[in-house]
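The data block below is upload-v6.cif; it holds mmCIF, C-alpha atoms.
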```cif
data_final
#
loop_
_atom_site.label_atom_id
_atom_site.label_comp_id
_atom_site.auth_asym_id
_atom_site.auth_seq_id
_atom_site.Cartn_x
_atom_site.Cartn_y
_atom_site.Cartn_z
CA MET V 1 -100.36 -117.12 -142.40
CA LYS V 2 -98.00 -119.28 -144.44
CA THR V 3 -96.62 -120.79 -141.25
CA SER V 4 -100.11 -121.69 -140.00
CA TYR V 5 -100.98 -123.22 -143.36
CA LEU V 6 -97.79 -125.32 -143.30
CA ILE V 7 -98.51 -126.55 -139.77
CA VAL V 8 -102.07 -127.57 -140.68
CA THR V 9 -100.91 -129.30 -143.86
CA THR V 10 -98.19 -131.18 -142.00
CA PHE V 11 -100.62 -132.26 -139.29
CA LEU V 12 -103.13 -133.57 -141.84
CA ALA V 13 -100.37 -135.47 -143.68
CA LEU V 14 -99.17 -137.10 -140.48
CA ALA V 15 -102.72 -137.93 -139.44
CA SER V 16 -103.42 -139.61 -142.79
CA CYS V 17 -100.23 -141.67 -142.46
CA ALA V 18 -101.08 -142.69 -138.91
CA PHE V 19 -104.38 -144.26 -139.95
CA ALA V 20 -103.21 -145.68 -143.29
CA PHE V 21 -102.27 -149.11 -141.93
CA ASP V 22 -102.12 -150.77 -138.50
CA PRO V 23 -102.48 -148.36 -135.57
CA SER V 24 -99.23 -147.15 -134.04
CA PRO V 25 -98.46 -148.71 -130.64
CA LEU V 26 -98.61 -146.59 -127.51
CA GLN V 27 -96.28 -148.87 -125.55
CA ASP V 28 -93.28 -151.11 -126.22
CA PHE V 29 -95.39 -154.14 -127.09
CA CYS V 30 -98.81 -155.69 -126.53
CA VAL V 31 -98.43 -159.47 -126.68
CA ALA V 32 -101.63 -161.08 -127.96
CA ILE V 33 -103.43 -163.75 -125.97
CA ASN V 34 -106.45 -165.89 -126.81
CA ASP V 35 -107.69 -166.22 -123.23
CA THR V 36 -110.36 -163.54 -122.78
CA LYS V 37 -110.95 -164.48 -119.13
CA THR V 38 -107.76 -162.87 -117.89
CA GLY V 39 -109.18 -159.37 -118.15
CA GLY V 40 -106.60 -158.20 -120.67
CA VAL V 41 -106.97 -155.09 -122.80
CA PHE V 42 -108.43 -155.53 -126.30
CA VAL V 43 -106.05 -153.82 -128.76
CA ASN V 44 -106.00 -154.05 -132.56
CA GLY V 45 -108.22 -157.13 -132.69
CA LYS V 46 -106.39 -159.05 -129.93
CA PHE V 47 -106.40 -159.21 -126.15
CA CYS V 48 -103.06 -158.33 -124.60
CA LYS V 49 -101.27 -159.97 -121.72
CA ASP V 50 -99.60 -158.09 -118.91
CA PRO V 51 -96.25 -156.87 -120.35
CA LYS V 52 -94.52 -158.14 -117.21
CA LEU V 53 -95.56 -161.69 -118.16
CA ALA V 54 -94.05 -161.56 -121.67
CA THR V 55 -91.52 -164.28 -122.52
CA PRO V 56 -88.97 -164.74 -125.34
CA ASN V 57 -91.30 -167.25 -127.00
CA ASP V 58 -93.89 -164.49 -127.48
CA PHE V 59 -91.51 -162.97 -130.04
CA PHE V 60 -90.18 -166.18 -131.61
CA TYR V 61 -91.25 -168.48 -134.43
CA SER V 62 -89.41 -170.94 -136.66
CA LEU V 63 -90.19 -170.77 -140.39
CA LYS V 64 -89.81 -174.38 -141.48
CA GLU V 65 -89.59 -175.54 -145.08
CA GLY V 66 -93.08 -175.91 -146.54
CA ASN V 67 -94.50 -179.04 -148.13
CA THR V 68 -94.97 -178.32 -151.84
CA SER V 69 -96.51 -181.71 -152.68
CA ASN V 70 -99.87 -180.26 -153.68
CA PRO V 71 -101.70 -179.31 -156.91
CA VAL V 72 -100.19 -175.79 -157.12
CA GLY V 73 -96.66 -176.83 -156.10
CA SER V 74 -96.14 -174.17 -153.46
CA LYS V 75 -96.55 -173.60 -149.75
CA VAL V 76 -96.86 -170.31 -147.89
CA THR V 77 -95.79 -170.43 -144.23
CA PRO V 78 -96.91 -167.22 -142.52
CA ALA V 79 -95.36 -165.54 -139.51
CA SER V 80 -98.11 -163.14 -138.52
CA VAL V 81 -99.66 -162.21 -135.19
CA ASN V 82 -101.39 -165.59 -135.18
CA GLU V 83 -97.98 -167.31 -135.04
CA ILE V 84 -96.01 -164.63 -133.16
CA PRO V 85 -98.17 -163.03 -130.44
CA GLY V 86 -95.57 -160.32 -129.87
CA LEU V 87 -96.32 -158.85 -133.31
CA ASN V 88 -99.61 -157.45 -132.03
CA THR V 89 -99.77 -153.66 -132.66
CA LEU V 90 -96.34 -153.65 -134.37
CA GLY V 91 -97.73 -153.45 -137.92
CA ILE V 92 -95.47 -155.98 -139.60
CA SER V 93 -95.31 -159.69 -140.47
CA MET V 94 -93.61 -162.02 -142.91
CA ALA V 95 -93.98 -165.33 -144.71
CA ARG V 96 -91.81 -168.01 -146.25
CA ILE V 97 -92.86 -169.28 -149.68
CA ASP V 98 -91.53 -172.60 -150.96
CA PHE V 99 -91.90 -173.61 -154.61
CA ALA V 100 -91.50 -176.95 -156.34
CA PRO V 101 -90.30 -176.78 -159.96
CA LYS V 102 -93.04 -174.94 -161.92
CA GLY V 103 -94.82 -174.29 -158.62
CA LEU V 104 -97.22 -171.37 -158.45
CA ASN V 105 -98.38 -169.07 -155.69
CA PRO V 106 -101.76 -168.39 -157.37
CA PRO V 107 -103.17 -164.89 -157.97
CA HIS V 108 -104.29 -163.37 -154.68
CA THR V 109 -104.46 -160.10 -152.77
CA HIS V 110 -103.57 -158.89 -149.28
CA PRO V 111 -106.36 -156.50 -148.22
CA ARG V 112 -104.35 -154.95 -145.39
CA ALA V 113 -100.72 -154.96 -146.49
CA THR V 114 -98.10 -154.09 -149.06
CA GLU V 115 -95.71 -156.98 -149.69
CA ILE V 116 -91.97 -156.86 -150.36
CA LEU V 117 -90.47 -160.13 -151.58
CA ILE V 118 -86.86 -161.30 -151.73
CA VAL V 119 -85.77 -164.45 -153.55
CA LEU V 120 -83.45 -166.67 -151.50
CA GLU V 121 -83.15 -169.48 -154.02
CA GLY V 122 -84.27 -170.13 -157.60
CA THR V 123 -85.91 -168.01 -160.28
CA LEU V 124 -89.42 -166.57 -160.03
CA TYR V 125 -91.69 -164.89 -162.56
CA VAL V 126 -93.74 -162.41 -160.51
CA GLY V 127 -96.28 -159.74 -161.25
CA PHE V 128 -99.27 -157.68 -160.20
CA VAL V 129 -102.23 -156.05 -161.96
CA THR V 130 -103.10 -152.39 -161.42
CA SER V 131 -106.64 -151.25 -160.68
CA ASN V 132 -109.30 -150.12 -163.16
CA PRO V 133 -109.41 -148.74 -165.76
CA GLN V 134 -105.85 -149.57 -166.87
CA ASN V 135 -105.62 -153.13 -165.44
CA ARG V 136 -101.95 -153.02 -166.39
CA LEU V 137 -99.88 -156.16 -165.82
CA ILE V 138 -96.45 -155.40 -164.34
CA THR V 139 -94.09 -158.39 -164.28
CA LYS V 140 -90.46 -159.23 -163.64
CA VAL V 141 -88.24 -162.31 -163.57
CA LEU V 142 -86.41 -162.46 -160.23
CA ASN V 143 -83.25 -164.34 -159.38
CA LYS V 144 -81.49 -164.98 -156.08
CA GLY V 145 -81.13 -161.75 -154.13
CA ASP V 146 -83.68 -159.81 -156.19
CA VAL V 147 -86.44 -157.83 -154.45
CA PHE V 148 -89.91 -156.91 -155.72
CA VAL V 149 -92.83 -154.95 -154.22
CA PHE V 150 -96.54 -155.77 -154.51
CA PRO V 151 -98.69 -152.73 -153.59
CA ILE V 152 -101.45 -153.17 -151.03
CA GLY V 153 -104.68 -154.71 -152.28
CA LEU V 154 -103.51 -155.48 -155.84
CA ILE V 155 -103.80 -158.96 -157.38
CA HIS V 156 -100.37 -160.58 -157.63
CA PHE V 157 -98.67 -163.95 -158.14
CA GLN V 158 -95.32 -165.78 -158.18
CA LEU V 159 -94.36 -168.65 -160.50
CA ASN V 160 -91.22 -170.77 -160.28
CA VAL V 161 -89.71 -170.71 -163.78
CA GLY V 162 -86.39 -172.27 -162.78
CA TYR V 163 -85.31 -175.88 -163.08
CA GLY V 164 -85.16 -176.57 -159.35
CA ASN V 165 -86.89 -175.58 -156.14
CA ALA V 166 -87.28 -171.94 -155.18
CA VAL V 167 -87.61 -170.12 -151.85
CA ALA V 168 -88.69 -166.56 -151.13
CA ILE V 169 -89.32 -164.46 -148.04
CA ALA V 170 -92.11 -161.88 -148.01
CA GLY V 171 -92.35 -158.94 -145.64
CA LEU V 172 -95.83 -157.46 -145.11
CA SER V 173 -96.88 -154.11 -143.69
CA SER V 174 -99.49 -155.51 -141.29
CA GLN V 175 -99.48 -157.83 -138.32
CA ASN V 176 -102.44 -159.59 -140.00
CA PRO V 177 -102.30 -158.88 -143.76
CA GLY V 178 -105.03 -161.32 -144.76
CA VAL V 179 -105.09 -163.19 -148.05
CA ILE V 180 -107.83 -163.45 -150.69
CA PRO V 181 -107.10 -166.19 -153.27
CA ILE V 182 -108.89 -165.08 -156.42
CA ALA V 183 -109.94 -168.41 -157.96
CA LYS V 184 -110.97 -169.98 -154.65
CA SER V 185 -112.89 -166.88 -153.56
CA VAL V 186 -114.84 -166.63 -156.81
CA PHE V 187 -115.47 -170.29 -157.61
CA GLY V 188 -115.09 -171.92 -154.19
CA SER V 189 -116.99 -169.54 -151.91
CA ASN V 190 -119.27 -170.90 -149.19
CA PRO V 191 -122.11 -170.74 -150.08
CA ARG V 192 -121.52 -170.65 -153.84
CA ILE V 193 -121.97 -167.46 -155.85
CA SER V 194 -124.97 -167.78 -158.14
CA SER V 195 -124.03 -169.29 -161.52
CA GLU V 196 -126.20 -166.60 -163.12
CA VAL V 197 -123.92 -163.95 -161.64
CA LEU V 198 -120.73 -165.71 -162.75
CA THR V 199 -121.89 -166.59 -166.29
CA LYS V 200 -122.73 -162.93 -166.94
CA ALA V 201 -119.59 -161.66 -165.23
CA PHE V 202 -117.23 -163.96 -167.16
CA GLN V 203 -119.33 -164.14 -170.35
CA VAL V 204 -119.09 -167.93 -170.56
CA ASP V 205 -121.53 -170.85 -170.74
CA GLN V 206 -123.00 -172.09 -167.47
CA LYS V 207 -121.33 -175.48 -168.00
CA VAL V 208 -117.95 -173.77 -167.66
CA ILE V 209 -118.99 -172.17 -164.37
CA ASP V 210 -120.46 -175.42 -163.09
CA SER V 211 -117.20 -177.22 -163.89
CA LEU V 212 -115.11 -174.57 -162.11
CA GLN V 213 -117.34 -174.59 -159.04
CA LYS V 214 -117.09 -178.38 -158.76
CA GLN V 215 -113.30 -178.25 -158.59
CA PHE V 216 -111.40 -178.39 -155.32
CA TRP V 217 -109.48 -175.12 -155.01
CA TRP V 218 -106.29 -175.83 -153.11
CA ASP V 219 -105.31 -173.41 -150.35
CA ASN V 220 -101.50 -173.21 -150.18
CA ASN V 221 -101.52 -170.99 -147.09
#
```
Take the structure I supplied and represent it as structure tokens, if you would.
Amino acid sequence: MKTSYLIVTTFLALASCAFAFDPSPLQDFCVAINDTKTGGVFVNGKFCKDPKLATPNDFFYSLKEGNTSNPVGSKVTPASVNEIPGLNTLGISMARIDFAPKGLNPPHTHPRATEILIVLEGTLYVGFVTSNPQNRLITKVLNKGDVFVFPIGLIHFQLNVGYGNAVAIAGLSSQNPGVIPIAKSVFGSNPRISSEVLTKAFQVDQKVIDSLQKQFWWDNN
């Protein structure tokens, strides 16, 4: 009886893990293609090319230095399935984040991925906020070589608090983690969220909401 219970428990645990993030691949790779006329198989949101036609470039991408000359002083250069077709079904991606002095990667979330960040250069003040009801802010100052984890779905940010430029690399547990910038999503949605909704939600005068909605919310991705 105990053995049967252990087997069932183990099976349920493995099943829950299998469907927690991107589906596990059933073959070596499934290189994504945009051409739907080739009759490829649709897997994990992408059509796949014949594995025999895969090339080295399907698994290659060069993460160039990002242009930080913008209002937030940062640039995120992703390396997801959209840039590396060979990532399709592999459940992983990464990004390079460049920061000008005092540059900010504004508060945002990744709906489909946990993020692990390593600082290559500079000093970053990073943090995330836990879910309701605690809404606890967890922060840390990171220096070169330091690593920090941002749990899936939680609002997080990175701010360059050093005197020079900063560079970080982020690993993400999805081939297509997605990004939801908080300020842009709330105040720059298309079409706009009703000012009545936002004035009540933020408990501020409508003029404040009108001013925020008129701003251009820079996308550093």
Next item on the list: Can you work out the spacing between atom CA of Asp210 of chain V and atom CA of Phe157 of chain V in Å, to one decimal?
Entry: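 We find that atom CA of Asp210 of chain V and atom CA of Phe157 of chain V lie 25.1 Å from each other.
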Check: Which distance in Å separates atom CA of Gly66 of chain V and atom CA of Pro107 of chain V, to one decimal?
Finding: 18.8 Å
Reference answer for the PyMOL selection byres ((chain V and resi 86) around 6), as a compact mmCIF listing (two decimals) with C-alpha atoms, keeping the file's coordinate frame:
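And here is the file that came out, out00.txt:
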```
# COMPACT_ATOMS: atom_id res chain seq x y z
CA VAL V 31 -98.43 -159.47 -126.68
CA ASP V 58 -93.89 -164.49 -127.48
CA PHE V 59 -91.51 -162.97 -130.04
CA ILE V 84 -96.01 -164.63 -133.16
CA PRO V 85 -98.17 -163.03 -130.44
CA LEU V 87 -96.32 -158.85 -133.31
CA ASN V 88 -99.61 -157.45 -132.03
```
Next item on the list: Taking the file as shown, find all residues satisfying the PyMOL selection byres ((chain V and resi 50-55) around 8) and write them as a PyMOL selection string.
Entry: chain V and resi 29-31+40+48-49+56-59
Margin query: Could you tell me how far atom CA of Thr114 of chain V sits from atom CA of Gln175 of chain V, in Å to one decimal place?
Written below: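 Between these atoms lies a distance of 11.5 Å.
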Margin query: Set the distance at 10 Å and use only C-alpha atoms: which residues neighbour Pro71 of chain V once local chain neighbours fewer than 2 positions away are removed? I'd like the list as a list of chain:residue names.
Written below: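 In the requested format, the answer is V:Thr68, V:Ser69, V:Gly73, V:Ser74, V:Gly103, V:Leu104, V:Phe216, V:Trp217, V:Trp218, V:Asp219, V:Asn220.
Residues matched by the PyMOL selection byres ((chain V and resi 176) around 7) in this structure: Ser80, Val81, Ser174, Gln175, Pro177 and Gly178 of chain V.
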